[in-house]
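Colleague: Here's a structure for you.
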Amino acid sequence: MPKMVVLLLCAVCAAAQSGPSAKLPADDAVRIKEFYRLSSEIQDAVWPDWSKVAAPLILVTADAEFLTHHPAPPVEFKKVADDVYARPRQFPTNFQATFPVFGPPSVIVIGEPANTQSQSSTPWLFTAMHEHFHQLQNAQPGYFAAVDSLGLSQGDTSGMWMLNYPFPYDKAEVVQSFAELRDLLLRALAENDEAKFSKLANEYAMRRHKFFAQLSADDARYFGFQLWQEGIARYIEVKAPEAARHYVPSPEYMALADYQPFADHADAARGKTLAELKKADLAVWKRTVVYSFGAAEGFLLDRILPKWKDEYFRHMLSLDFYFEGFLLRPPGLASAPRSPRRPHS
């Protein structure tokens with residue numbers, strides 16, 4: 001068949017997929033509606049002013065992509081329902097990311113539960129909340145300029161450097177130091193005696209400082225950025241279901257075949273993240289250690305500085321502000337951190 005004919009046929013098929021005949025699957029429509037209903041009820045309880053950020057979303061199915069809640073849907077998306085637009089599939093069906101696909105605002109791009117790590121509806125909702133938190137991060141004035149100023153992209157404009165940066169995951173002394181830091185963090189979180197907890201938290205801050213000090217300036221900036229961005233987004237995956245413990249889902253959502261009560265998910269989420277951290281091996285897991293590790297640092301900050309979120313966006317791309325502020329302080333961490341020393345930023 002001539003190449004031009006093949007191209008024309010492909011174009012016709014694509015138009016058919018993205019035209020009025022494309023229909024958002026019923027279960028997916030229920031999940032998406034529930035995501036927006038849930039987020040509107042809990043987001044500001046989880047993070048200050050979260051509701052102020054736009055939350056457009058693209059759902060990736062086998063043949064099509066469905067865009068909703070976007071202020072100006074691109075022309076390649078055709079309206080197929082109220083505030084739902086479709087085009088032929090372009091992203092992998094297991095995709096799960098948030099970025100300015102069409103320029104601001106950033107868009108959640110996510111596959112259906114069965115094709116992602118979520119596997120079922122309730123975890124999928126809280127994965128979407130994780131991605132929605134990335135929208136809040138991206139929406140901060142100066143965020144993208146701050147990321148550029150890290151100087152880590154080495155000319156990569158695709159953003160893939162965030163995944164592929166050559167951090168020394170296999171370096172023996174870094175692996176050992178990370179393991180010791182991980183274990184100390186877990187010990188601190190497990191301590192119920194407040195005096196002992198304060199001592200462990202101070203020890204953790206000092207050990208953390210030493211861990212970052214052994215890295216090159218670029219490596220320290222990269223790891224700190226990952227903890228700030230991905231670690232705290234994982235923290236959101238735990239705090240959001242905890243905030244939704246008494247949330248009452250819609251009847252349509254509860255009728256889904258894979259429905260799981262939110263309280264059950266909330267009971268398991270924190271323990272699952274901490275169990276993951278206990279097994280985290282820097283040399284084997286590489287970048288993925290930042291998810292559970294950064295989330296656990298968020299749990300630690302909840303106990304040390306209950307209002308730590310107020311400073312999070314004032315000190316972009318690093319949690320050093322908090323932990324450097326604890327160095328050399330006597331036990332008793334209720335006060336705000338002093339101005340930090342920032343040797344790696």
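Residue numbering restarts at 1 in every chain; chains get A, B, ... in the order shown in the structure tokens, and ligands count up from 1 in that same order.
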Tell me which protein, DNA and RNA residues are within 12 Å of Pro168 of chain A, counting only C-alpha atoms, leaving out same-chain ones fewer than 3 positions away, and put them as a list in words.
Modeller: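 The neighbour list is Asn164, Tyr165, Lys171, Ala172, Glu173, Val174, Val175, Phe178, Gln214, Leu215, Ser216, Asp218, Asp219, Ala220, Tyr222, Phe223, Leu282, Ala283, Val284, Lys286 and Arg287 of chain A.
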Colleague: Just N, CA and C atoms for this one: save the residues we selected as a tab-separated table (two decimals), in the first residue's frame.
Modeller:
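Final output, saved to part-v4.tsv:
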```tsv
chain	number	residue	atom	x	y	z
A	164	ASN	N	17.04	10.66	35.36
A	164	ASN	CA	18.27	10.00	34.89
A	164	ASN	C	19.56	10.64	35.40
A	165	TYR	N	19.47	11.59	36.29
A	165	TYR	CA	20.67	12.26	36.80
A	165	TYR	C	21.65	11.20	37.37
A	171	LYS	N	27.97	4.12	45.12
A	171	LYS	CA	29.19	4.44	45.84
A	171	LYS	C	29.08	3.90	47.28
A	172	ALA	N	30.04	3.07	47.67
A	172	ALA	CA	29.92	2.31	48.91
A	172	ALA	C	29.67	3.20	50.13
A	173	GLU	N	30.44	4.29	50.27
A	173	GLU	CA	30.29	5.11	51.46
A	173	GLU	C	28.95	5.85	51.47
A	174	VAL	N	28.43	6.17	50.29
A	174	VAL	CA	27.13	6.83	50.22
A	174	VAL	C	26.02	5.84	50.57
A	175	VAL	N	26.14	4.62	50.07
A	175	VAL	CA	25.16	3.57	50.37
A	175	VAL	C	25.12	3.31	51.87
A	178	PHE	N	23.67	6.32	53.79
A	178	PHE	CA	22.22	6.38	53.60
A	178	PHE	C	21.51	5.36	54.48
A	214	GLN	N	28.99	14.80	52.40
A	214	GLN	CA	29.90	13.90	51.70
A	214	GLN	C	29.63	13.85	50.19
A	215	LEU	N	28.52	14.48	49.76
A	215	LEU	CA	28.17	14.49	48.35
A	215	LEU	C	28.77	15.72	47.67
A	216	SER	N	28.92	15.65	46.36
A	216	SER	CA	29.30	16.84	45.62
A	216	SER	C	28.16	17.84	45.69
A	218	ASP	N	26.51	19.30	43.31
A	218	ASP	CA	25.44	18.94	42.37
A	218	ASP	C	24.63	17.76	42.90
A	219	ASP	N	25.32	16.73	43.40
A	219	ASP	CA	24.62	15.55	43.90
A	219	ASP	C	23.74	15.90	45.09
A	220	ALA	N	24.23	16.77	45.96
A	220	ALA	CA	23.45	17.19	47.12
A	220	ALA	C	22.21	17.96	46.69
A	222	TYR	N	20.65	17.67	43.86
A	222	TYR	CA	19.73	16.74	43.21
A	222	TYR	C	18.95	15.92	44.24
A	223	PHE	N	19.65	15.33	45.19
A	223	PHE	CA	18.98	14.48	46.16
A	223	PHE	C	18.02	15.30	47.03
A	282	LEU	N	19.69	1.88	48.65
A	282	LEU	CA	20.07	2.92	47.70
A	282	LEU	C	20.72	2.34	46.45
A	283	ALA	N	21.58	1.35	46.61
A	283	ALA	CA	22.30	0.79	45.47
A	283	ALA	C	21.37	0.05	44.52
A	284	VAL	N	20.32	-0.54	45.06
A	284	VAL	CA	19.39	-1.34	44.24
A	284	VAL	C	18.21	-0.50	43.76
A	286	LYS	N	17.90	2.84	43.85
A	286	LYS	CA	18.35	4.11	43.25
A	286	LYS	C	17.35	5.23	43.55
A	287	ARG	N	16.93	5.98	42.55
A	287	ARG	CA	16.13	7.17	42.80
A	287	ARG	C	14.85	6.89	43.58
```
Colleague: If you count only C-alpha atoms, which residues fall within 8 Å of Thr61 of chain A, apart from same-chain ones fewer than 5 positions away, as a PyMOL selection string?
Modeller: chain A and resi 89+93+111-112
Colleague: Under the rule that only C-alpha atoms are counted, which of A:Leu57, A:Ala275, A:Val238, A:Ala146 is the nearest residue to Ile108 of chain A?
Modeller: A:Leu57
Colleague: Excluding segment 127-140 of chain A and residues on its chain fewer than 4 positions from it, collect all residues at most 7 Å away from it, counting only C-alpha atoms, and give them as a ChimeraX atom specification.
Modeller: /A:50,53,55,97-98,106,108,123,233-234,236-237
Colleague: Would you put the residues from that selection into a file with N, CA and C atoms, as a PDB file, in the first residue's frame?
Modeller:
```pdb
ATOM      1  N   TRP A  50      -4.298  24.749  49.036  1.00  0.00           N
ATOM      2  CA  TRP A  50      -4.167  23.815  47.915  1.00  0.00           C
ATOM      3  C   TRP A  50      -5.294  24.011  46.898  1.00  0.00           C
ATOM      4  N   VAL A  53      -5.128  26.031  43.321  1.00  0.00           N
ATOM      5  CA  VAL A  53      -4.424  25.624  42.105  1.00  0.00           C
ATOM      6  C   VAL A  53      -5.365  24.877  41.173  1.00  0.00           C
ATOM      7  N   ALA A  55      -6.565  22.063  38.437  1.00  0.00           N
ATOM      8  CA  ALA A  55      -6.322  20.617  38.479  1.00  0.00           C
ATOM      9  C   ALA A  55      -6.782  19.918  37.200  1.00  0.00           C
ATOM     10  N   ALA A  97       2.244  11.061  35.574  1.00  0.00           N
ATOM     11  CA  ALA A  97       3.133  12.212  35.703  1.00  0.00           C
ATOM     12  C   ALA A  97       2.301  13.485  35.673  1.00  0.00           C
ATOM     13  N   THR A  98       2.947  14.583  36.079  1.00  0.00           N
ATOM     14  CA  THR A  98       2.318  15.892  36.049  1.00  0.00           C
ATOM     15  C   THR A  98       3.311  16.895  35.489  1.00  0.00           C
ATOM     16  N   SER A 106      -0.005  23.031  34.745  1.00  0.00           N
ATOM     17  CA  SER A 106       0.428  21.638  34.639  1.00  0.00           C
ATOM     18  C   SER A 106      -0.786  20.708  34.670  1.00  0.00           C
ATOM     19  N   ILE A 108      -2.245  16.690  35.151  1.00  0.00           N
ATOM     20  CA  ILE A 108      -2.068  15.306  35.585  1.00  0.00           C
ATOM     21  C   ILE A 108      -2.314  14.419  34.368  1.00  0.00           C
ATOM     22  N   PRO A 123      -6.759   3.387  45.815  1.00  0.00           N
ATOM     23  CA  PRO A 123      -5.364   3.835  45.686  1.00  0.00           C
ATOM     24  C   PRO A 123      -5.164   4.786  44.504  1.00  0.00           C
ATOM     25  N   ALA A 233       5.436  14.638  47.967  1.00  0.00           N
ATOM     26  CA  ALA A 233       4.248  14.186  47.236  1.00  0.00           C
ATOM     27  C   ALA A 233       3.807  12.816  47.731  1.00  0.00           C
ATOM     28  N   ARG A 234       4.754  11.923  48.057  1.00  0.00           N
ATOM     29  CA  ARG A 234       4.384  10.637  48.657  1.00  0.00           C
ATOM     30  C   ARG A 234       3.778  10.845  50.055  1.00  0.00           C
ATOM     31  N   ILE A 236       1.948  13.196  50.864  1.00  0.00           N
ATOM     32  CA  ILE A 236       0.558  13.548  50.581  1.00  0.00           C
ATOM     33  C   ILE A 236      -0.289  12.296  50.374  1.00  0.00           C
ATOM     34  N   GLU A 237       0.282  11.266  49.780  1.00  0.00           N
ATOM     35  CA  GLU A 237      -0.453  10.017  49.554  1.00  0.00           C
ATOM     36  C   GLU A 237      -0.845   9.343  50.867  1.00  0.00           C
TER      37      GLU A 237
END
```
Colleague: With a distance cut-off of 9 Å and only C-alpha atoms, select the neighbouring residues of Tyr247 of chain A, excluding the residue or stretch itself and same-chain residues fewer than 2 positions from it, and output the selection as a list in words.
Modeller: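 Here the answer would be Leu38, Glu41, Ile42, Ala243, Ala244, Arg245, Pro249, Phe262 and Ala263 of chain A.
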Colleague: Would you mind exporting N, CA and C atoms of the selected residues as an mmCIF file, in the first residue's frame?
Modeller:
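Final file, part33.cif:
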```
data_model
loop_
_atom_site.group_PDB
_atom_site.id
_atom_site.type_symbol
_atom_site.label_atom_id
_atom_site.label_comp_id
_atom_site.auth_asym_id
_atom_site.auth_seq_id
_atom_site.Cartn_x
_atom_site.Cartn_y
_atom_site.Cartn_z
ATOM 1 N N LEU A 38 -13.603 14.565 46.065
ATOM 2 C CA LEU A 38 -12.744 14.313 47.219
ATOM 3 C C LEU A 38 -11.766 15.464 47.443
ATOM 4 N N GLU A 41 -13.030 18.559 49.079
ATOM 5 C CA GLU A 41 -13.371 18.450 50.497
ATOM 6 C C GLU A 41 -12.163 18.386 51.415
ATOM 7 N N ILE A 42 -11.057 17.796 50.957
ATOM 8 C CA ILE A 42 -9.955 17.542 51.903
ATOM 9 C C ILE A 42 -8.683 18.330 51.622
ATOM 10 N N ALA A 243 -6.827 12.213 56.067
ATOM 11 C CA ALA A 243 -7.793 13.310 56.143
ATOM 12 C C ALA A 243 -9.169 12.886 55.641
ATOM 13 N N ALA A 244 -9.196 11.853 54.787
ATOM 14 C CA ALA A 244 -10.456 11.392 54.189
ATOM 15 C C ALA A 244 -11.072 10.219 54.945
ATOM 16 N N ARG A 245 -10.561 9.948 56.127
ATOM 17 C CA ARG A 245 -11.019 8.776 56.880
ATOM 18 C C ARG A 245 -12.546 8.775 57.050
ATOM 19 N N PRO A 249 -17.968 8.644 50.299
ATOM 20 C CA PRO A 249 -17.953 8.663 48.831
ATOM 21 C C PRO A 249 -19.366 8.670 48.257
ATOM 22 N N PHE A 262 -12.385 4.137 52.469
ATOM 23 C CA PHE A 262 -11.252 5.042 52.641
ATOM 24 C C PHE A 262 -10.570 4.844 53.983
ATOM 25 N N ALA A 263 -11.331 4.500 55.012
ATOM 26 C CA ALA A 263 -10.724 4.279 56.330
ATOM 27 C C ALA A 263 -9.763 3.101 56.290
#
```
Colleague: Which residues in segment 10-77 of chain A does DSSP call helix (DSSP H, G or I)? List them as a PyMOL selection string.
Modeller: chain A and resi 10-18+26-46+50-52
Colleague: The selected residues should be written to file as a CSV table (one decimal), in the first residue's frame (atoms: N, CA and C atoms).
Modeller:
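Listing of part-v3.csv after writing:
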```csv
chain,number,residue,atom,x,y,z
A,10,CYS,N,-4.4,6.3,8.6
A,10,CYS,CA,-4.1,6.5,10.0
A,10,CYS,C,-4.8,7.8,10.5
A,11,ALA,N,-4.7,8.9,9.7
A,11,ALA,CA,-5.4,10.1,10.1
A,11,ALA,C,-6.9,10.0,10.2
A,12,VAL,N,-7.5,9.2,9.3
A,12,VAL,CA,-8.9,9.0,9.4
A,12,VAL,C,-9.3,8.2,10.7
A,13,CYS,N,-8.5,7.1,11.0
A,13,CYS,CA,-8.7,6.3,12.2
A,13,CYS,C,-8.5,7.2,13.5
A,14,ALA,N,-7.5,8.1,13.4
A,14,ALA,CA,-7.2,8.9,14.6
A,14,ALA,C,-8.4,9.9,14.8
A,15,ALA,N,-8.9,10.4,13.7
A,15,ALA,CA,-10.0,11.4,13.8
A,15,ALA,C,-11.3,10.7,14.4
A,16,ALA,N,-11.5,9.4,13.9
A,16,ALA,CA,-12.6,8.6,14.4
A,16,ALA,C,-12.5,8.4,15.9
A,17,GLN,N,-11.3,8.1,16.4
A,17,GLN,CA,-11.1,7.8,17.8
A,17,GLN,C,-11.3,9.0,18.6
A,18,SER,N,-10.9,10.2,18.2
A,18,SER,CA,-11.0,11.4,19.0
A,18,SER,C,-12.3,12.2,18.8
A,26,ALA,N,-17.4,4.3,31.7
A,26,ALA,CA,-18.3,4.7,32.8
A,26,ALA,C,-17.6,4.6,34.1
A,27,ASP,N,-16.8,3.6,34.4
A,27,ASP,CA,-16.1,3.5,35.7
A,27,ASP,C,-15.1,4.6,35.8
A,28,ASP,N,-14.4,4.9,34.7
A,28,ASP,CA,-13.4,6.0,34.7
A,28,ASP,C,-14.1,7.3,35.0
A,29,ALA,N,-15.3,7.5,34.4
A,29,ALA,CA,-16.0,8.8,34.7
A,29,ALA,C,-16.3,8.9,36.2
A,30,VAL,N,-16.7,7.8,36.8
A,30,VAL,CA,-17.0,7.8,38.2
A,30,VAL,C,-15.8,8.2,39.0
A,31,ARG,N,-14.6,7.5,38.7
A,31,ARG,CA,-13.4,7.8,39.4
A,31,ARG,C,-13.0,9.3,39.3
A,32,ILE,N,-13.0,9.8,38.1
A,32,ILE,CA,-12.6,11.2,37.9
A,32,ILE,C,-13.5,12.1,38.7
A,33,LYS,N,-14.8,11.9,38.6
A,33,LYS,CA,-15.7,12.7,39.3
A,33,LYS,C,-15.5,12.7,40.8
A,34,GLU,N,-15.1,11.5,41.3
A,34,GLU,CA,-14.9,11.3,42.7
A,34,GLU,C,-13.6,12.0,43.1
A,35,PHE,N,-12.6,12.0,42.2
A,35,PHE,CA,-11.3,12.7,42.5
A,35,PHE,C,-11.6,14.2,42.8
A,36,TYR,N,-12.4,14.8,41.9
A,36,TYR,CA,-12.6,16.2,42.1
A,36,TYR,C,-13.5,16.5,43.3
A,37,ARG,N,-14.4,15.6,43.6
A,37,ARG,CA,-15.3,15.7,44.8
A,37,ARG,C,-14.5,15.6,46.0
A,38,LEU,N,-13.6,14.6,46.1
A,38,LEU,CA,-12.7,14.3,47.2
A,38,LEU,C,-11.8,15.5,47.4
A,39,SER,N,-11.1,15.9,46.4
A,39,SER,CA,-10.1,16.9,46.5
A,39,SER,C,-10.7,18.2,47.1
A,40,SER,N,-11.9,18.5,46.6
A,40,SER,CA,-12.5,19.8,47.0
A,40,SER,C,-12.8,19.8,48.5
A,41,GLU,N,-13.0,18.6,49.1
A,41,GLU,CA,-13.4,18.4,50.5
A,41,GLU,C,-12.2,18.4,51.4
A,42,ILE,N,-11.1,17.8,51.0
A,42,ILE,CA,-10.0,17.5,51.9
A,42,ILE,C,-8.7,18.3,51.6
A,43,GLN,N,-8.5,18.9,50.4
A,43,GLN,CA,-7.2,19.4,50.1
A,43,GLN,C,-6.7,20.5,51.0
A,44,ASP,N,-7.5,21.4,51.4
A,44,ASP,CA,-7.0,22.5,52.2
A,44,ASP,C,-6.8,22.1,53.6
A,45,ALA,N,-7.4,20.9,54.0
A,45,ALA,CA,-7.1,20.4,55.4
A,45,ALA,C,-5.7,19.7,55.3
A,46,VAL,N,-5.3,19.2,54.2
A,46,VAL,CA,-4.0,18.5,54.0
A,46,VAL,C,-2.9,19.5,53.8
A,50,TRP,N,-4.3,24.7,49.0
A,50,TRP,CA,-4.2,23.8,47.9
A,50,TRP,C,-5.3,24.0,46.9
A,51,SER,N,-6.5,24.4,47.4
A,51,SER,CA,-7.6,24.5,46.5
A,51,SER,C,-7.5,25.7,45.5
A,52,LYS,N,-6.5,26.5,45.7
A,52,LYS,CA,-6.3,27.6,44.7
A,52,LYS,C,-5.7,27.3,43.4
```
